[in-house]
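> For reference, this is start_6.cif, and it has mmCIF, C-alpha atoms.
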data_entry
#
loop_
_atom_site.label_atom_id
_atom_site.label_comp_id
_atom_site.auth_asym_id
_atom_site.auth_seq_id
_atom_site.Cartn_x
_atom_site.Cartn_y
_atom_site.Cartn_z
CA MET A 10 -64.12 43.84 20.31
CA THR A 11 -66.18 46.63 21.87
CA HIS A 12 -64.29 46.10 25.14
CA PHE A 13 -60.93 46.26 23.32
CA LEU A 14 -61.85 49.52 21.60
CA ALA A 15 -62.79 51.07 24.92
CA VAL A 16 -59.45 50.06 26.46
CA GLU A 17 -57.62 51.28 23.35
CA ARG A 18 -59.22 54.72 23.58
CA ALA A 19 -58.36 54.98 27.25
CA VAL A 20 -54.71 54.00 26.76
CA ARG A 21 -54.14 56.23 23.72
CA THR A 22 -55.40 59.29 25.60
CA ALA A 23 -53.55 58.58 28.86
CA ALA A 24 -50.77 60.77 30.18
CA PRO A 25 -47.31 59.25 29.52
CA HIS A 26 -46.65 58.46 33.19
CA ALA A 27 -50.18 57.09 33.69
CA LEU A 28 -50.32 54.40 30.98
CA LEU A 29 -50.34 51.51 33.44
CA ASP A 30 -52.86 53.06 35.83
CA THR A 31 -55.15 53.91 32.93
CA ALA A 32 -54.84 50.45 31.38
CA ARG A 33 -55.45 48.86 34.79
CA ALA A 34 -58.65 50.84 35.35
CA ALA A 35 -59.93 50.08 31.84
CA LEU A 36 -59.19 46.36 32.13
CA VAL A 37 -60.94 46.18 35.49
CA GLU A 38 -64.00 47.88 34.01
CA HIS A 39 -64.22 46.04 30.69
CA TYR A 40 -62.68 42.62 31.39
CA GLU A 41 -63.35 42.20 35.13
CA ALA A 42 -59.60 42.06 35.78
CA THR A 43 -58.75 41.82 39.47
CA ASP A 44 -55.09 42.78 39.11
CA VAL A 45 -52.89 44.25 36.35
CA ASN A 46 -49.11 44.62 36.40
CA LEU A 47 -46.47 45.68 33.91
CA LEU A 48 -42.93 44.30 34.02
CA MET A 49 -40.04 45.67 31.97
CA ALA A 50 -37.05 43.62 30.85
CA ASP A 51 -33.85 45.02 32.31
CA TYR A 52 -30.87 46.07 30.22
CA SER A 53 -29.10 42.73 30.67
CA LEU A 54 -32.26 40.74 29.75
CA THR A 55 -31.97 38.67 32.93
CA VAL A 56 -34.92 39.92 34.98
CA LEU A 57 -38.37 41.46 34.60
CA GLN A 58 -38.91 44.39 36.94
CA PRO A 59 -42.34 45.79 37.91
CA VAL A 60 -43.13 49.34 36.82
CA THR A 61 -43.48 51.26 40.08
CA ALA A 62 -42.43 54.65 41.35
CA LEU A 63 -38.89 55.00 42.69
CA PRO A 64 -37.55 53.56 44.85
CA HIS A 65 -38.56 50.16 43.44
CA THR A 66 -39.80 47.98 46.29
CA GLU A 67 -41.28 45.00 44.45
CA PRO A 68 -38.86 42.18 43.63
CA ALA A 69 -37.72 41.56 40.07
CA LEU A 70 -38.55 38.22 38.46
CA PRO A 71 -35.96 36.06 36.67
CA VAL A 72 -36.44 35.75 32.92
CA HIS A 73 -35.36 32.12 32.80
CA SER A 74 -37.27 30.62 35.75
CA SER A 75 -40.62 32.35 36.08
CA PRO A 76 -44.02 32.07 34.34
CA GLU A 77 -43.65 35.66 33.21
CA GLY A 78 -40.23 34.82 31.81
CA ARG A 79 -41.72 31.88 29.95
CA ALA A 80 -44.11 34.21 28.12
CA PHE A 81 -41.25 36.65 27.51
CA GLY A 82 -39.05 33.97 25.99
CA SER A 83 -41.71 32.29 23.86
CA GLN A 84 -43.43 35.54 22.91
CA GLU A 85 -46.74 33.76 23.39
CA PRO A 86 -49.48 34.37 25.99
CA TYR A 87 -49.09 32.09 28.99
CA GLY A 88 -51.87 31.41 31.51
CA GLN A 89 -51.11 30.56 35.13
CA TYR A 90 -53.85 29.23 37.41
CA VAL A 91 -54.03 31.00 40.76
CA ALA A 92 -55.16 28.30 43.18
CA HIS A 93 -56.31 30.36 46.16
CA ASN A 94 -59.14 32.17 44.37
CA GLY A 95 -59.67 30.35 41.09
CA THR A 96 -58.46 33.21 38.90
CA ILE A 97 -55.99 33.02 36.05
CA ASP A 98 -52.89 35.17 35.60
CA LEU A 99 -52.47 35.82 31.90
CA HIS A 100 -48.90 36.84 31.00
CA LEU A 101 -48.79 38.75 27.72
CA PRO A 102 -45.70 39.86 25.74
CA VAL A 103 -45.25 43.62 25.43
CA THR A 104 -43.39 43.77 22.12
CA VAL A 105 -43.00 46.44 19.45
CA ARG A 106 -41.97 45.28 15.97
CA GLY A 107 -39.93 42.45 17.44
CA ASP A 108 -38.36 44.49 20.26
CA ARG A 109 -39.27 42.70 23.48
CA LEU A 110 -39.99 45.31 26.15
CA GLY A 111 -41.60 43.24 28.89
CA ILE A 112 -44.74 41.49 30.09
CA LEU A 113 -48.26 42.64 30.93
CA THR A 114 -49.90 40.39 33.54
CA VAL A 115 -53.69 40.48 33.76
CA ARG A 116 -55.50 38.49 36.45
CA LEU A 117 -58.93 37.38 35.25
CA PRO A 118 -61.83 35.37 36.65
CA LYS A 119 -61.80 31.96 35.00
CA HIS A 120 -65.06 32.56 33.15
CA ARG A 121 -63.60 35.69 31.47
CA CYS A 122 -60.46 33.95 30.23
CA THR A 123 -61.91 32.97 26.84
CA PRO A 124 -59.96 32.60 23.56
CA GLU A 125 -61.54 35.84 22.33
CA ALA A 126 -60.52 37.68 25.48
CA ILE A 127 -56.96 36.32 25.24
CA ASP A 128 -56.68 37.54 21.65
CA GLU A 129 -57.96 40.99 22.59
CA LEU A 130 -55.71 41.28 25.64
CA THR A 131 -52.73 40.23 23.53
CA GLU A 132 -53.53 43.20 21.30
CA VAL A 133 -53.82 45.41 24.39
CA ALA A 134 -50.29 44.38 25.43
CA GLU A 135 -48.96 45.22 21.96
CA LEU A 136 -50.79 48.54 22.01
CA LEU A 137 -49.31 49.31 25.42
CA GLY A 138 -45.83 48.63 24.04
CA HIS A 139 -46.27 51.16 21.25
CA GLU A 140 -47.55 53.73 23.71
CA ILE A 141 -44.59 53.13 26.04
CA VAL A 142 -42.13 53.78 23.20
CA VAL A 143 -43.83 57.13 22.55
CA ALA A 144 -44.19 57.94 26.26
CA GLU A 145 -40.46 57.48 26.88
CA ARG A 146 -39.92 60.82 25.17
CA ASP A 147 -41.72 62.50 28.07
CA THR A 148 -41.21 60.35 31.16
CA ASP A 149 -38.38 58.33 32.75
CA LEU A 150 -40.74 55.87 34.46
CA TYR A 151 -40.31 52.99 32.01
CA LEU A 152 -36.58 53.53 31.52
CA GLN A 153 -36.10 53.48 35.29
CA ALA A 154 -37.95 50.18 35.48
CA ARG A 155 -35.45 48.67 33.03
CA ARG A 156 -32.51 49.03 35.42
CA VAL A 157 -31.79 46.90 38.47
CA SER A 158 -28.71 48.97 39.30
CA ARG A 159 -27.36 52.33 38.28
CA LEU A 160 -25.92 52.71 34.80
CA THR A 161 -22.58 54.39 34.31
CA LEU A 162 -22.80 57.69 32.46
CA ALA A 163 -21.09 56.11 29.45
CA ALA A 164 -23.64 53.29 29.41
CA GLU A 165 -26.53 55.78 29.74
CA MET A 166 -25.23 57.58 26.66
CA GLN A 167 -24.83 54.36 24.69
CA TRP A 168 -28.28 52.92 25.47
CA GLN A 169 -29.93 56.21 24.52
CA LEU A 170 -28.12 56.07 21.19
CA LEU A 171 -29.40 52.61 20.23
CA PRO A 172 -32.43 52.06 17.96
CA GLY A 173 -33.69 49.20 20.17
CA ARG A 174 -32.63 45.64 20.94
CA ALA A 175 -34.61 43.92 18.20
CA CYS A 176 -36.54 44.64 15.05
CA SER A 177 -38.49 42.42 12.68
CA ARG A 178 -40.44 42.61 9.45
CA GLN A 179 -41.31 40.09 6.75
CA GLU A 180 -37.87 40.08 5.14
CA TYR A 181 -35.69 39.83 8.27
CA ALA A 182 -35.45 39.75 12.06
CA ILE A 183 -32.69 41.43 14.08
CA GLY A 184 -31.62 40.93 17.69
CA ALA A 185 -28.76 42.69 19.49
CA GLN A 186 -27.22 42.91 22.93
CA LEU A 187 -24.33 44.71 24.66
CA GLU A 188 -22.41 43.63 27.74
CA PRO A 189 -21.61 44.66 30.39
CA ALA A 190 -25.08 46.13 30.03
CA TYR A 191 -24.72 48.59 32.90
CA ALA A 192 -21.16 49.72 32.10
CA ILE A 193 -20.64 49.63 28.33
CA HIS A 194 -18.18 52.06 26.75
CA GLY A 195 -17.75 52.28 22.98
CA ASP A 196 -19.52 49.35 21.29
CA ASN A 197 -22.71 50.20 19.45
CA PHE A 198 -25.09 49.05 16.72
CA ASP A 199 -27.58 50.87 14.53
CA TRP A 200 -30.06 50.05 11.80
CA ALA A 201 -32.54 51.80 9.55
CA THR A 202 -34.97 50.49 6.96
CA THR A 203 -36.93 51.77 3.99
CA ALA A 204 -39.42 50.00 1.74
CA GLU A 205 -36.53 48.50 -0.23
CA THR A 206 -33.37 48.58 1.89
CA LEU A 207 -31.90 47.76 5.29
CA THR A 208 -28.79 49.56 6.53
CA LEU A 209 -26.96 47.99 9.47
CA THR A 210 -23.85 49.29 11.24
CA VAL A 211 -21.72 47.84 14.03
CA THR A 212 -19.23 50.20 15.67
CA ASN A 213 -16.46 49.97 18.26
CA GLY A 214 -14.99 53.23 19.51
CA MET A 215 -11.50 53.04 20.98
CA GLY A 216 -10.82 53.89 24.60
CA GLU A 217 -12.85 53.54 27.78
CA GLY A 218 -15.57 55.30 29.69
CA ILE A 219 -16.89 58.70 28.64
CA GLU A 220 -14.18 59.18 25.99
CA ALA A 221 -15.20 55.99 24.19
CA SER A 222 -18.89 56.82 24.45
CA LEU A 223 -18.41 60.36 23.12
CA LEU A 224 -16.35 59.04 20.24
CA THR A 225 -18.97 56.46 19.33
CA ASN A 226 -21.73 59.06 19.60
CA LEU A 227 -19.87 61.23 17.10
CA ALA A 228 -19.37 58.30 14.73
CA VAL A 229 -22.96 57.02 14.87
CA ASN A 230 -24.47 60.45 14.41
CA ALA A 231 -22.09 61.24 11.55
CA LEU A 232 -23.11 57.99 9.85
CA ARG A 233 -26.78 58.75 10.43
CA ASN A 234 -26.40 62.26 9.08
CA ALA A 235 -24.79 60.91 5.91
CA ARG A 236 -27.31 58.06 5.57
CA ARG A 237 -30.25 60.45 5.92
CA ALA A 238 -28.79 62.54 3.11
CA GLY A 239 -29.46 59.54 0.88
CA ILE A 240 -25.89 58.63 -0.06
CA GLY A 241 -24.30 55.16 -0.29
CA ILE A 242 -22.44 53.43 2.50
CA ALA A 243 -18.95 54.09 1.04
CA ASP A 244 -19.62 57.82 1.15
CA GLN A 245 -21.29 57.45 4.55
CA ALA A 246 -18.04 55.98 5.83
CA ALA A 247 -15.98 58.71 4.15
CA LEU A 248 -18.03 61.55 5.65
CA ALA A 249 -17.99 59.97 9.12
CA ASP A 250 -14.24 59.48 8.74
CA GLN A 251 -13.83 63.19 8.01
CA ALA A 252 -16.00 64.18 10.98
CA ILE A 253 -14.00 62.03 13.39
CA TYR A 254 -10.62 63.07 11.99
CA GLY A 255 -11.66 66.71 12.08
CA GLN A 256 -12.39 66.38 15.79
CA HIS A 257 -9.54 64.11 16.92
CA HIS A 258 -6.86 64.47 14.18
CA GLY A 259 -6.08 60.75 14.12
CA GLU A 260 -5.61 60.36 17.86
CA ALA A 261 -8.91 58.49 18.18
CA TYR A 262 -10.77 56.33 15.68
CA VAL A 263 -13.75 54.02 15.37
CA SER A 264 -13.81 50.48 13.99
CA THR A 265 -16.94 50.02 11.91
CA LEU A 266 -18.71 47.43 9.79
CA LEU A 267 -21.38 48.91 7.49
CA LEU A 268 -23.85 46.92 5.40
CA SER A 269 -26.66 47.92 3.07
CA PHE A 270 -29.11 45.19 1.94
CA GLU A 271 -31.58 45.18 -0.93
CA LEU A 272 -34.65 43.55 0.59
CA ALA A 273 -35.96 42.21 -2.73
CA THR A 274 -32.77 40.41 -3.76
CA GLY A 275 -30.55 39.89 -0.71
CA HIS A 276 -27.77 41.73 -2.51
CA ALA A 277 -25.64 43.72 -0.07
CA GLN A 278 -22.81 46.19 -0.08
CA VAL A 279 -20.26 46.10 2.74
CA VAL A 280 -17.59 48.44 4.08
CA ASP A 281 -15.29 46.70 6.56
CA ALA A 282 -13.48 49.47 8.41
CA GLY A 283 -12.10 47.83 11.52
CA SER A 284 -12.52 45.07 14.07
CA PRO A 285 -16.19 43.90 14.07
CA GLN A 286 -16.56 40.48 12.43
CA LEU A 287 -19.36 38.87 10.43
CA TRP A 288 -20.21 35.18 10.80
CA ARG A 289 -22.72 33.31 8.67
CA GLN A 290 -24.78 30.22 9.47
CA ARG A 291 -26.08 28.66 6.27
CA ASP A 292 -27.83 25.32 6.77
CA LYS A 293 -25.57 23.57 9.30
CA THR A 294 -22.36 25.36 8.38
CA VAL A 295 -21.07 28.21 10.54
CA GLU A 296 -18.17 30.20 9.15
CA ARG A 297 -16.62 33.63 9.30
CA VAL A 298 -17.16 35.83 6.23
CA PRO A 299 -14.00 37.88 5.65
CA PHE A 300 -13.95 41.14 3.75
CA GLU A 301 -11.17 43.36 2.49
CA ALA A 302 -10.02 45.30 5.53
CA GLN A 303 -10.10 49.09 5.25
CA LEU A 304 -8.93 51.76 7.69
CA PRO A 305 -11.01 52.55 10.78
CA LEU A 306 -12.97 55.78 10.66
CA GLY A 307 -10.94 58.83 11.68
CA MET A 308 -7.49 57.24 11.57
CA PHE A 309 -6.23 59.32 8.64
CA GLU A 310 -7.44 62.41 6.81
CA GLU A 311 -9.80 61.94 3.85
CA THR A 312 -9.62 58.16 3.61
CA ALA A 313 -11.41 56.75 0.55
CA TYR A 314 -13.69 53.75 1.17
CA VAL A 315 -14.88 51.13 -1.30
CA ALA A 316 -17.99 49.01 -0.87
CA GLN A 317 -17.67 45.28 -1.50
CA GLU A 318 -20.41 43.02 -2.84
CA PHE A 319 -22.09 40.38 -0.69
CA ARG A 320 -25.16 38.16 -1.07
CA VAL A 321 -27.43 36.78 1.61
CA LEU A 322 -29.91 33.96 0.93
CA PRO A 323 -33.28 33.17 2.53
CA GLY A 324 -32.59 31.07 5.62
CA ASP A 325 -29.18 32.61 6.28
CA ARG A 326 -28.32 33.78 9.77
CA LEU A 327 -25.69 36.51 10.06
CA VAL A 328 -24.01 37.12 13.42
CA PHE A 329 -21.90 40.22 14.02
CA VAL A 330 -19.47 40.28 16.95
CA SER A 331 -17.07 42.84 18.38
CA ASP A 332 -13.52 42.07 19.47
CA GLY A 333 -14.80 41.88 23.04
CA VAL A 334 -16.34 38.54 21.99
CA TYR A 335 -13.90 36.80 19.65
CA ALA A 336 -10.76 38.15 21.37
CA ALA A 337 -11.91 37.65 24.96
CA ALA A 338 -9.28 35.88 27.03
CA THR A 339 -9.08 33.81 30.18
CA ARG A 340 -6.56 34.50 32.93
CA ALA A 341 -4.33 31.95 31.23
CA GLY A 342 -4.32 34.08 28.09
CA GLU A 343 -6.41 31.74 25.91
CA THR A 344 -8.70 33.63 23.53
CA TYR A 345 -12.29 32.64 22.94
CA GLY A 346 -11.40 31.87 19.35
CA GLU A 347 -13.22 30.87 16.20
CA ARG A 348 -14.10 27.30 17.18
CA ALA A 349 -15.75 28.33 20.42
CA LEU A 350 -17.66 31.12 18.72
CA ALA A 351 -18.84 28.82 15.94
CA ARG A 352 -20.06 26.32 18.55
CA ALA A 353 -21.94 29.05 20.41
CA ILE A 354 -23.66 30.18 17.22
CA GLN A 355 -24.51 26.58 16.32
CA ALA A 356 -25.91 25.95 19.80
CA ALA A 357 -28.31 28.87 19.37
CA SER A 358 -29.63 27.62 16.01
CA LEU A 359 -33.19 27.02 17.22
CA LEU A 360 -33.54 30.36 18.98
CA PRO A 361 -35.16 33.39 17.34
CA ALA A 362 -32.87 36.24 16.35
CA ALA A 363 -33.87 38.34 19.37
CA ALA A 364 -32.66 35.63 21.76
CA VAL A 365 -29.40 34.69 20.01
CA PRO A 366 -27.15 37.56 21.23
CA ARG A 367 -27.94 36.87 24.87
CA ALA A 368 -27.30 33.14 24.40
CA VAL A 369 -23.91 33.75 22.76
CA LEU A 370 -22.90 36.23 25.45
CA GLN A 371 -23.89 33.77 28.18
CA GLU A 372 -21.69 31.15 26.54
CA LEU A 373 -18.87 33.68 26.43
CA ALA A 374 -19.33 34.49 30.12
CA SER A 375 -19.04 30.81 31.07
CA TYR A 376 -15.78 30.57 29.13
CA ARG A 377 -14.13 33.73 30.37
CA ASP A 378 -12.75 34.20 33.86
CA THR A 379 -14.86 36.56 35.97
CA ASP A 380 -12.18 39.23 36.22
CA ALA A 381 -10.54 38.72 32.83
CA ASP A 382 -11.33 41.49 30.34
CA ALA A 383 -14.10 42.55 32.70
CA ASP A 384 -13.98 46.10 31.36
CA ASP A 385 -14.08 45.18 27.66
CA ASP A 386 -17.36 45.62 25.81
CA ALA A 387 -18.91 42.62 24.10
CA LEU A 388 -21.45 43.11 21.32
CA VAL A 389 -23.48 40.54 19.39
CA VAL A 390 -25.99 41.30 16.63
CA CYS A 391 -28.00 38.55 14.92
CA LEU A 392 -29.74 39.02 11.55
CA ASP A 393 -32.05 36.28 10.29
CA TRP A 394 -32.75 36.75 6.59
CA PHE A 395 -36.09 35.53 5.23
CA GLY A 396 -36.14 37.42 1.95
CA ARG A 397 -39.06 37.97 -0.37
CA ALA A 398 -38.64 35.26 -3.00
CA THR A 399 -40.15 32.43 -0.95
CA ARG A 400 -43.28 34.41 -0.12
CA GLU A 401 -43.76 35.58 -3.71
CA VAL A 402 -43.45 32.07 -5.11
CA SER A 403 -45.86 30.61 -2.54
CA ALA A 404 -48.39 33.32 -3.32
CA GLN A 405 -48.52 32.45 -7.04
#
Now, as a test, write the supplied structure out as structure tokens.


Amino acid sequence: MTHFLAVERAVRTAAPHALLDTARAALVEHYEATDVNLLMADYSLTVLQPVTALPHTEPALPVHSSPEGRAFGSQEPYGQYVAHNGTIDLHLPVTVRGDRLGILTVRLPKHRCTPEAIDELTEVAELLGHEIVVAERDTDLYLQARRVSRLTLAAEMQWQLLPGRACSRQEYAIGAQLEPAYAIHGDNFDWATTAETLTLTVTNGMGEGIEASLLTNLAVNALRNARRAGIGIADQAALADQAIYGQHHGEAYVSTLLLSFELATGHAQVVDAGSPQLWRQRDKTVERVPFEAQLPLGMFEETAYVAQEFRVLPGDRLVFVSDGVYAAATRAGETYGERALARAIQAASLLPAAAVPRAVLQELASYRDTDADADDDALVVCLDWFGRATREVSAQ
């Protein structure tokens, strides 16, 4: 533990751009590491790219067919024996509260790769993840490593608006993904939690390119502003509606699904203001959960919104999808449809919440023609609900 504390002190005091170099030097000194590398998951979650200065010259590694990708997918340390010198490459998940950022690879002499060292280095990887999240306020290094090609300006705006791609705590786990990752327009998701509540929103701004992104930015920030004032989701929707109408006078609007969950009970309030859909997997049954449709935000002046009641049970999986998923069409004009979507959700039953959106979007991509609806955003958010009741009962 003395070695871990020394590495921790070094990393916490490092300059934002020098986190990897500092961690590398500390791991060499205290763990006899012979090589240390950091790989960041790209925006599409298909490759892991080494953190290096631009231009990137080291090749990216595939998530689904590499030892590093195995550790990324399982979220467990994975050791790989290096035959030519008898060392071991230890691939460690860099994850912050369920948000999978990448992999830290530490090459160790075999005699130093003990269970205690693995536990400590796993903590180092988690520590590094937290420091990266903070460092991204001051350096572009880690954001640059997440992209294998240039983002459109609209996509840059959308990714900067997001809270992350995953989040987990004892009561729930969330995973989310947007496609096309490098050219998204108006789809977006947001969440915020307190000690007793979770608020989740899924939005779809009309239009394309910068116009769609600007519209969604206005909607998300209006919803955040209202939420942070401590008011309920019906009034959040009403205030965001006024902000959007005040700017666009009904010529542009945002489809939104807002939910507020009580963590202790699973009781939820819902405002369905547009096209995003909610699907529920309970036991082996996958079905769409319909709500009373209300007007999209900004369509008319001073629209009144009413929250509906909803209940989620421990073990439930909720999947939110935009119209770019359920309404996607082939060249022949056949839509993806409810049956196909239900099958995709069912096929991902054994995956953790963070991996479900990517799996559903991959299934969608195999169904849809390459050039059909290529410019339409597709959003998937997965919420696994664990609740508190089971833990409280087991503790008694």

> Could you write out as a PDB file with C-alpha atoms, in the coordinates of the input the residues that the PyMOL selection byres ((chain A and resi 21-32) around 12) matches in the shown file?


ATOM      1  CA  PHE A  13     -60.930  46.260  23.320  1.00  0.00           C
ATOM      2  CA  LEU A  14     -61.850  49.520  21.600  1.00  0.00           C
ATOM      3  CA  ALA A  15     -62.790  51.070  24.920  1.00  0.00           C
ATOM      4  CA  VAL A  16     -59.450  50.060  26.460  1.00  0.00           C
ATOM      5  CA  GLU A  17     -57.620  51.280  23.350  1.00  0.00           C
ATOM      6  CA  ARG A  18     -59.220  54.720  23.580  1.00  0.00           C
ATOM      7  CA  ALA A  19     -58.360  54.980  27.250  1.00  0.00           C
ATOM      8  CA  VAL A  20     -54.710  54.000  26.760  1.00  0.00           C
ATOM      9  CA  ARG A  33     -55.450  48.860  34.790  1.00  0.00           C
ATOM     10  CA  ALA A  34     -58.650  50.840  35.350  1.00  0.00           C
ATOM     11  CA  ALA A  35     -59.930  50.080  31.840  1.00  0.00           C
ATOM     12  CA  LEU A  36     -59.190  46.360  32.130  1.00  0.00           C
ATOM     13  CA  VAL A  37     -60.940  46.180  35.490  1.00  0.00           C
ATOM     14  CA  GLU A  38     -64.000  47.880  34.010  1.00  0.00           C
ATOM     15  CA  HIS A  39     -64.220  46.040  30.690  1.00  0.00           C
ATOM     16  CA  TYR A  40     -62.680  42.620  31.390  1.00  0.00           C
ATOM     17  CA  ALA A  42     -59.600  42.060  35.780  1.00  0.00           C
ATOM     18  CA  ASP A  44     -55.090  42.780  39.110  1.00  0.00           C
ATOM     19  CA  VAL A  45     -52.890  44.250  36.350  1.00  0.00           C
ATOM     20  CA  ASN A  46     -49.110  44.620  36.400  1.00  0.00           C
ATOM     21  CA  LEU A  47     -46.470  45.680  33.910  1.00  0.00           C
ATOM     22  CA  LEU A  48     -42.930  44.300  34.020  1.00  0.00           C
ATOM     23  CA  MET A  49     -40.040  45.670  31.970  1.00  0.00           C
ATOM     24  CA  PRO A  59     -42.340  45.790  37.910  1.00  0.00           C
ATOM     25  CA  VAL A  60     -43.130  49.340  36.820  1.00  0.00           C
ATOM     26  CA  THR A  61     -43.480  51.260  40.080  1.00  0.00           C
ATOM     27  CA  ALA A  62     -42.430  54.650  41.350  1.00  0.00           C
ATOM     28  CA  ILE A 112     -44.740  41.490  30.090  1.00  0.00           C
ATOM     29  CA  LEU A 113     -48.260  42.640  30.930  1.00  0.00           C
ATOM     30  CA  THR A 114     -49.900  40.390  33.540  1.00  0.00           C
ATOM     31  CA  VAL A 115     -53.690  40.480  33.760  1.00  0.00           C
ATOM     32  CA  LEU A 130     -55.710  41.280  25.640  1.00  0.00           C
ATOM     33  CA  VAL A 133     -53.820  45.410  24.390  1.00  0.00           C
ATOM     34  CA  ALA A 134     -50.290  44.380  25.430  1.00  0.00           C
ATOM     35  CA  LEU A 136     -50.790  48.540  22.010  1.00  0.00           C
ATOM     36  CA  LEU A 137     -49.310  49.310  25.420  1.00  0.00           C
ATOM     37  CA  GLY A 138     -45.830  48.630  24.040  1.00  0.00           C
ATOM     38  CA  HIS A 139     -46.270  51.160  21.250  1.00  0.00           C
ATOM     39  CA  GLU A 140     -47.550  53.730  23.710  1.00  0.00           C
ATOM     40  CA  ILE A 141     -44.590  53.130  26.040  1.00  0.00           C
ATOM     41  CA  VAL A 142     -42.130  53.780  23.200  1.00  0.00           C
ATOM     42  CA  VAL A 143     -43.830  57.130  22.550  1.00  0.00           C
ATOM     43  CA  ALA A 144     -44.190  57.940  26.260  1.00  0.00           C
ATOM     44  CA  GLU A 145     -40.460  57.480  26.880  1.00  0.00           C
ATOM     45  CA  ARG A 146     -39.920  60.820  25.170  1.00  0.00           C
ATOM     46  CA  ASP A 147     -41.720  62.500  28.070  1.00  0.00           C
ATOM     47  CA  THR A 148     -41.210  60.350  31.160  1.00  0.00           C
ATOM     48  CA  ASP A 149     -38.380  58.330  32.750  1.00  0.00           C
ATOM     49  CA  LEU A 150     -40.740  55.870  34.460  1.00  0.00           C
ATOM     50  CA  TYR A 151     -40.310  52.990  32.010  1.00  0.00           C
ATOM     51  CA  LEU A 152     -36.580  53.530  31.520  1.00  0.00           C
ATOM     52  CA  GLN A 153     -36.100  53.480  35.290  1.00  0.00           C
TER      53      GLN A 153
END

> For Glu311 in chain A, which of A:Ala252, A:Leu359, A:Val334, A:Ala80 is the closest residue, counting only C-alpha atoms?

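Of the candidates, the smallest distance to Glu311 in chain A is held by A:Ala252.
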
> Near Arg174 in chain A, within 8 Å and counting all atoms listed in the file, which residues show up once chain neighbours fewer than 5 positions away are dropped, as an NGL selection string?

:A and (108-109 or 184-186 or 363)

> Taking C-alpha atoms for each residue, export the selection above as a PDB file, in the coordinates of the input.


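Wrote selection.pdb, looks like this:
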ATOM      1  CA  ASP A 108     -38.360  44.490  20.260  1.00  0.00           C
ATOM      2  CA  ARG A 109     -39.270  42.700  23.480  1.00  0.00           C
ATOM      3  CA  GLY A 184     -31.620  40.930  17.690  1.00  0.00           C
ATOM      4  CA  ALA A 185     -28.760  42.690  19.490  1.00  0.00           C
ATOM      5  CA  GLN A 186     -27.220  42.910  22.930  1.00  0.00           C
ATOM      6  CA  ALA A 363     -33.870  38.340  19.370  1.00  0.00           C
TER       7      ALA A 363
END

> Excluding same-chain residues fewer than 3 positions from Phe309 in chain A, what lies within 12 Å of it counting all atoms listed in the file, as an NGL selection string?

:A and (247 or 249-263 or 303-306 or 312-314)

> Identify all residues satisfying the PyMOL selection byres ((chain A and resi 208-217) around 9) in the given file; provide them as a PyMOL selection string.

chain A and resi 163+193-203+206-207+218-226+228-229+232+236+242+261-270+283-285+329-332+384-386+388+390

> Would you write out, as a list of chain:residue names, every residue that the PyMOL selection byres ((chain A and resi 95) around 10) captures in this file?

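Those residues are A:Tyr90, A:Val91, A:Ala92, A:His93, A:Asn94, A:Thr96, A:Ile97, A:Asp98, A:Leu117, A:Pro118, A:Lys119, A:His120.
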
> Would you compute the distance between CA of Arg155 in chain A and CA of Gly333 in chain A? Give it in Å to one decimal.

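Computing it gives 23.9 Å between the two atoms.
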
> Give me, please, the distance in Å between CA of Leu248 in chain A and CA of Thr274 in chain A, quoted to one decimal.

27.4 Å

> So the first atom is CA of Ala164 in chain A and the second is CA of Gln286 in chain A; what is the distance between them in Å, to one decimal place?

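According to the coordinates, CA of Ala164 in chain A and CA of Gln286 in chain A are separated by 22.4 Å.
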
> So that I can see what lies close to Gln58 in chain A, please list as a list in words the residues with an atom at most 8 Å from it, counting only C-alpha atoms and leaving out residues fewer than 3 positions away in the same chain.

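The residues satisfying every condition are Leu48, Met49, Ala50, Asp51, Glu67, Pro68, Ala69, Leu70, Ala154, Arg155 and Val157 of chain A.
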
> Give as a PyMOL selection string each residue that has an atom at most 6 Å from (-47.9, 33.8, 33.5) in the file, counting only C-alpha atoms.

chain A and resi 76-77+87-89+98-100

> Put a box with edges along x, y and z around all the listed atoms of range 212-228 of chain A, pad it by 4 Å on each side, then give me its centre and sizes in Å, one decimal, as AutoDock Vina command-line options.


--center_x -16.3 --center_y 55.6 --center_z 22.2 --size_x 18.9 --size_y 19.3 --size_z 23.0
